[in-house]
Amino acid sequence: MVVTRLRSVWGVLLPLVLLGPVLLVASTARPAVAAPAWNSPRAWTRSFYIANTSTAAMGQLGCYSSETSGRMTLFFGAPTDVGGNFGATLWGAQNRTVAQIGELARNFVRGFVWCRPGGQQALVGLGTSNSAADTKPDAWLAGHGATWASMVRSVAEWAERTYPGTVRIYGAWDVEPSWSAFAKADRWMQGYNGFPGRRPLHVHASADGCPRDAATGGPCNNGWNQYFVWRLAWWYDPSLPLPQVYATSGVNARQWQKLAEYGARSRHDRIVFSGVMTQWGACQQRGGCNLTNNRPEQGHDQLLLNLQSSPLTYQDHLDTVTDIRWHS
Amino acid sequence: MSRRSGPRPAVAAALAVGAIAVAVAALFAIPASQADGAGSSGRIAAGGDDGRPVSRTDGSADAVGVDILRSEVEAMLASGMAPDDPKVAALQRDLASLERGTRIRQPGEPGLDMSRVLGAPRGRGARSVAVDEVTPRTSTAWDQGAVDCEPLPPNLLTAADVAGARCASVPQPDGSGRYVALAPDGTLRVVQFEPDGPVTREPDRHVDGIPPSLDGVSLGVDGSGRLVVTVEGAPGPTIVDLG
């Protein structure tokens, strides 16, 4: 009798125990792992490290880029002082002030608009980095961030006024734990974020040394941790994360999934990724990279698959894949 | 400074079922071979080496900026972000602006003639002409002498390579450039910038007689594109031919 009753109870409970989690997940979250059909980005764009101060060459670069629509970034090197003005290094090309960089960006836009064969629309990030920030005073870094924000806003307003419906301008930032102390990077961001009317910022961050199997705020390289990376890549209002997913092993994508999970668990604020950056083109230019030369579609697939491995980080598509190379 | 305060309902709900969901997710987990990229399905068709648009596998038209912005906004809202969240609001403003812009005539810049710069007529076909019209570089395009040290991606010079180093830009007579980093141990790392593209790391060299702290060391360039390393108190500079 008792056995029969137990069988009867288990007859009800067992299916619930087995199927309950599945039903719960199905009713409260998107699939933990999507079947093979996720939305692909329509195209990948090219981004560039700019080591060339020629305005004509920038026009040509804009023209060259005019067959693709979407987010792309132009990096101008590390923040530096140029004759008492804020500027950037352009990696051995002549240093340029922030204002001069704005002029280079305008010529990129002109080239894009002039050459675009159809209705292409560019979302262009104008970028610097946290490289060499350790050598700069805090107040200088905040000033540089604010000046950069001012330039980006100015170019954005010009583009909207002059070429409406064609180009939108954004800030951009290559921020990497190995390149500076967190406090220095954060000071630059505070300067950028504090500028009135600052534009959204493409944050092409790396997650050097961050955990790949834990989402508890663990350590990254150079004294950083998951909170620091999450804070810069997402917490600040302007931040639009398009992280570096370079490693062919997939470890970078795994690190970013854990960062997003950390945001969801510990900060109740998960990262929503705007896209991903790869460096396949730059690797080709230098004759190859060892295990860090994901092709654009690999970077895309790695990050999306990892995000889809947890309901806490699930995202059903990534809109942008941009691949960086040198323009020298 | 930032918009965040308190958990979002969607996140809280996800947390509540998180443990169970993850357990279930494990049943459907991605094979390691896929997660490490080896088994990547390549759903976006491989782009051409020139970065031209790749086609969607379903054959529909390429997206333009408004599609991307709209999709980004949808992704943020789907994650539980509020419509008035500053990130969402900023993208919605951009979307509205871009949409509005497509319906009005572009004022452009009267008098601007990019065909002079690009050597190409406006519009379709211009790109193929302009790409061939690469502006020749001159040695004046490069900085000359000491510059701030910074990493050069992708791993051409790492943060470790430039830690404590002195750096210089050395223009070459042929229009190319050399970016050099002299480390405290005398290792000289050289990156070559060719006009229009290739960037390569050359074999390391060694400069003798460098004091460990680099005190009194200065870097310069002579008229032949050679690096001039001067050490205070040394009988004469060391000349390094980088050609």
# chains A, B, ... in the order shown; residues from 1 in each chain; ligands from 1

call {"tool": "residues_around", "arguments": {"residues": "Val64 (chain B)", "least_positions_apart": "4", "cutoff": "7 Å", "atoms": "only C-alpha atoms", "output": "VMD selection string"}}
result
(chain A and resid 69 to 70 120 to 121) or (chain B and resid 68)

call {"tool": "write_last_selection", "arguments": {"atoms": "C-alpha atoms", "output": "mmCIF file, in the first residue's frame"}}
result
data_model
loop_
_atom_site.group_PDB
_atom_site.id
_atom_site.type_symbol
_atom_site.label_atom_id
_atom_site.label_comp_id
_atom_site.auth_asym_id
_atom_site.auth_seq_id
_atom_site.Cartn_x
_atom_site.Cartn_y
_atom_site.Cartn_z
ATOM 1 C CA SER A 69 27.815 50.058 -43.609
ATOM 2 C CA GLY A 70 28.111 49.775 -39.883
ATOM 3 C CA GLN A 120 25.794 53.003 -47.098
ATOM 4 C CA GLN A 121 25.781 54.514 -43.620
ATOM 5 C CA ILE B 68 22.195 48.264 -36.966
#

call {"tool": "atom_distance", "arguments": {"atom1": "CA of Glu157 (chain A)", "atom2": "CA of Ala141 (chain B)"}}
result
29.1 Å

call {"tool": "closest_residue", "arguments": {"among": "A:Ala93, A:Met72, A:Leu312, A:Ala247", "to": "Ala146 (chain B)", "atoms": "only C-alpha atoms"}}
result
A:Ala93

call {"tool": "residues_around", "arguments": {"residues": "region 217-229 of chain B", "least_positions_apart": "4", "cutoff": "7 Å", "atoms": "only C-alpha atoms", "output": "short mmCIF file (atom, residue, chain, number, x, y, z; two decimals) with N, CA and C atoms, in the first residue's frame"}}
result
data_model
loop_
_atom_site.label_atom_id
_atom_site.label_comp_id
_atom_site.auth_asym_id
_atom_site.auth_seq_id
_atom_site.Cartn_x
_atom_site.Cartn_y
_atom_site.Cartn_z
N GLN B 144 60.33 62.56 -36.05
CA GLN B 144 61.77 62.32 -36.15
C GLN B 144 62.39 62.52 -34.79
N GLY B 145 62.88 61.44 -34.21
CA GLY B 145 63.50 61.52 -32.89
C GLY B 145 62.64 60.89 -31.81
N ALA B 146 62.89 61.28 -30.59
CA ALA B 146 62.24 60.63 -29.44
C ALA B 146 60.73 60.80 -29.47
N ALA B 168 61.85 55.95 -30.25
CA ALA B 168 62.08 57.00 -31.25
C ALA B 168 61.44 56.59 -32.57
N VAL B 170 62.04 56.95 -36.60
CA VAL B 170 63.18 57.20 -37.47
C VAL B 170 62.72 57.13 -38.94
N PRO B 171 62.44 58.25 -39.55
CA PRO B 171 62.02 58.23 -40.96
C PRO B 171 63.15 57.76 -41.86
N GLN B 172 62.77 57.06 -42.91
CA GLN B 172 63.76 56.55 -43.85
C GLN B 172 63.68 57.31 -45.17
N PRO B 173 64.75 57.38 -45.87
CA PRO B 173 64.75 58.14 -47.13
C PRO B 173 63.72 57.63 -48.15
N PRO B 237 78.68 59.00 -30.01
CA PRO B 237 77.39 58.31 -30.14
C PRO B 237 77.55 56.97 -30.87
N THR B 238 76.57 56.11 -30.65
CA THR B 238 76.48 54.86 -31.40
C THR B 238 75.49 55.09 -32.55
N ILE B 239 75.91 54.74 -33.74
CA ILE B 239 75.05 54.92 -34.91
C ILE B 239 74.50 53.56 -35.33
N VAL B 240 73.19 53.46 -35.47
CA VAL B 240 72.56 52.19 -35.86
C VAL B 240 71.87 52.38 -37.20
N ASP B 241 72.32 51.62 -38.17
CA ASP B 241 71.72 51.70 -39.51
C ASP B 241 70.44 50.86 -39.51
N LEU B 242 69.32 51.48 -39.81
CA LEU B 242 68.03 50.78 -39.77
C LEU B 242 67.48 50.46 -41.16
#

call {"tool": "closest_residue", "arguments": {"among": "A:Trp148, A:Trp179, A:Phe86, A:Tyr170", "to": "chain B", "atoms": "only C-alpha atoms"}}
result
A:Trp179

call {"tool": "atom_distance", "arguments": {"atom1": "CA of Asp319 (chain A)", "atom2": "CA of Gly171 (chain A)"}}
result
17.9 Å

call {"tool": "residues_around", "arguments": {"residues": "Pro154 (chain B)", "least_positions_apart": "3", "cutoff": "12 Å", "atoms": "only C-alpha atoms", "output": "VMD selection string"}}
result
(chain A and resid 49 244 246 to 247 278 to 293 324 to 326) or (chain B and resid 151 157 to 159 191 199 to 201)

call {"tool": "write_last_selection", "arguments": {"atoms": "C-alpha atoms", "output": "PDB file, in the first residue's frame"}}
result
ATOM      1  CA  TYR A  49      45.237  52.013 -36.643  1.00  0.00           C
ATOM      2  CA  GLN A 244      38.761  42.283 -28.656  1.00  0.00           C
ATOM      3  CA  TYR A 246      41.462  37.656 -30.962  1.00  0.00           C
ATOM      4  CA  ALA A 247      42.429  34.262 -29.580  1.00  0.00           C
ATOM      5  CA  THR A 278      39.163  41.000 -34.521  1.00  0.00           C
ATOM      6  CA  GLN A 279      42.690  41.691 -35.790  1.00  0.00           C
ATOM      7  CA  TRP A 280      42.960  39.297 -38.664  1.00  0.00           C
ATOM      8  CA  GLY A 281      43.909  42.058 -41.123  1.00  0.00           C
ATOM      9  CA  ALA A 282      46.649  43.473 -38.901  1.00  0.00           C
ATOM     10  CA  CYS A 283      48.024  39.979 -38.449  1.00  0.00           C
ATOM     11  CA  GLN A 284      48.154  39.510 -42.184  1.00  0.00           C
ATOM     12  CA  GLN A 285      50.046  42.775 -42.517  1.00  0.00           C
ATOM     13  CA  ARG A 286      52.705  41.669 -40.076  1.00  0.00           C
ATOM     14  CA  GLY A 287      53.051  38.254 -41.615  1.00  0.00           C
ATOM     15  CA  GLY A 288      50.947  36.314 -39.140  1.00  0.00           C
ATOM     16  CA  CYS A 289      50.132  36.126 -35.449  1.00  0.00           C
ATOM     17  CA  ASN A 290      50.506  33.188 -33.173  1.00  0.00           C
ATOM     18  CA  LEU A 291      47.034  32.022 -32.087  1.00  0.00           C
ATOM     19  CA  THR A 292      45.529  35.519 -31.985  1.00  0.00           C
ATOM     20  CA  ASN A 293      44.356  35.849 -35.549  1.00  0.00           C
ATOM     21  CA  ILE A 324      41.377  46.063 -37.558  1.00  0.00           C
ATOM     22  CA  ARG A 325      44.504  46.692 -39.587  1.00  0.00           C
ATOM     23  CA  TRP A 326      47.153  49.351 -40.014  1.00  0.00           C
TER      24      TRP A 326
ATOM     25  CA  PRO B 151      52.728  49.078 -27.509  1.00  0.00           C
ATOM     26  CA  LEU B 157      55.729  45.678 -29.449  1.00  0.00           C
ATOM     27  CA  THR B 158      54.061  44.555 -26.250  1.00  0.00           C
ATOM     28  CA  ALA B 159      53.657  46.474 -23.022  1.00  0.00           C
ATOM     29  CA  VAL B 191      59.244  47.900 -36.143  1.00  0.00           C
ATOM     30  CA  VAL B 199      54.035  46.643 -40.550  1.00  0.00           C
ATOM     31  CA  THR B 200      56.691  44.176 -39.485  1.00  0.00           C
ATOM     32  CA  ARG B 201      58.927  43.492 -36.497  1.00  0.00           C
TER      33      ARG B 201
END

call {"tool": "residues_around", "arguments": {"residues": "Gly111 (chain A)", "least_positions_apart": "5", "cutoff": "12 Å", "atoms": "only C-alpha atoms", "output": "ChimeraX atom specification"}}
result
/A:55-67,104-106,116-117,122,163,166-167 /B:112-123,126-127,130-131

call {"tool": "write_last_selection", "arguments": {"atoms": "C-alpha atoms", "output": "compact mmCIF listing (two decimals), in the first residue's frame"}}
result
# COMPACT_ATOMS: atom_id res chain seq x y z
CA THR A 55 44.45 64.43 -44.96
CA ALA A 56 44.40 63.20 -48.56
CA ALA A 57 45.15 59.67 -47.41
CA MET A 58 42.31 59.92 -44.90
CA GLY A 59 39.95 60.88 -47.69
CA GLN A 60 41.13 57.87 -49.62
CA LEU A 61 40.62 55.68 -46.60
CA GLY A 62 37.05 56.94 -46.23
CA CYS A 63 36.49 56.25 -49.90
CA TYR A 64 37.99 52.80 -49.50
CA SER A 65 35.62 52.10 -46.62
CA SER A 66 32.53 53.28 -48.46
CA GLU A 67 31.22 49.93 -49.61
CA LEU A 104 41.56 64.02 -40.28
CA ALA A 105 38.25 62.46 -39.27
CA ARG A 106 36.31 64.99 -41.30
CA ARG A 116 29.66 55.46 -51.41
CA PRO A 117 27.95 53.65 -54.23
CA ALA A 122 28.86 54.57 -41.41
CA TYR A 163 25.93 64.86 -44.27
CA THR A 166 25.03 59.15 -43.91
CA VAL A 167 27.49 59.15 -41.04
CA LEU B 112 34.36 70.96 -51.91
CA ASP B 113 35.68 68.87 -54.76
CA MET B 114 36.88 65.54 -53.46
CA SER B 115 37.63 64.41 -56.98
CA ARG B 116 40.79 66.50 -56.72
CA VAL B 117 41.83 64.61 -53.64
CA LEU B 118 40.67 61.20 -54.72
CA GLY B 119 41.15 61.44 -58.45
CA ALA B 120 37.74 59.91 -58.84
CA PRO B 121 34.27 61.07 -59.77
CA ARG B 122 31.55 60.96 -57.15
CA GLY B 123 29.69 57.77 -56.36
CA ALA B 126 34.90 56.09 -57.30
CA ARG B 127 36.27 53.64 -54.81
CA ALA B 130 40.63 56.16 -55.51
CA VAL B 131 42.14 53.05 -54.01

call {"tool": "residues_around", "arguments": {"residues": "Asp237 (chain A)", "least_positions_apart": "6", "cutoff": "12 Å", "atoms": "only C-alpha atoms", "output": "ChimeraX atom specification"}}
result
/A:189-190,192-195,197-203,231,271 /B:1-4,85-91

call {"tool": "closest_residue", "arguments": {"among": "A:Leu259, A:Ala185, A:Leu305, A:Val155", "to": "Gly125 (chain A)", "atoms": "only C-alpha atoms"}}
result
A:Val155

call {"tool": "residues_around", "arguments": {"residues": "Lys258 (chain A)", "least_positions_apart": "4", "cutoff": "12 Å", "atoms": "only C-alpha atoms", "output": "JSON, numbers by chain"}}
result
{"A": [207, 210, 211, 212, 213, 214, 215, 216, 217, 218, 225, 226, 227, 229, 230, 251, 252, 253, 254, 262, 263, 264, 265, 266, 270, 271, 303, 306, 307, 308, 309, 310, 312, 313, 314]}

call {"tool": "closest_residue", "arguments": {"among": "B:Pro107, B:Gly236, B:Pro83, B:Gly243", "to": "chain A", "atoms": "only C-alpha atoms"}}
result
B:Pro107

call {"tool": "closest_residue", "arguments": {"among": "B:Ser97, B:Asp148, B:Gln106, B:Gln92", "to": "Asp81 (chain A)", "atoms": "only C-alpha atoms"}}
result
B:Asp148
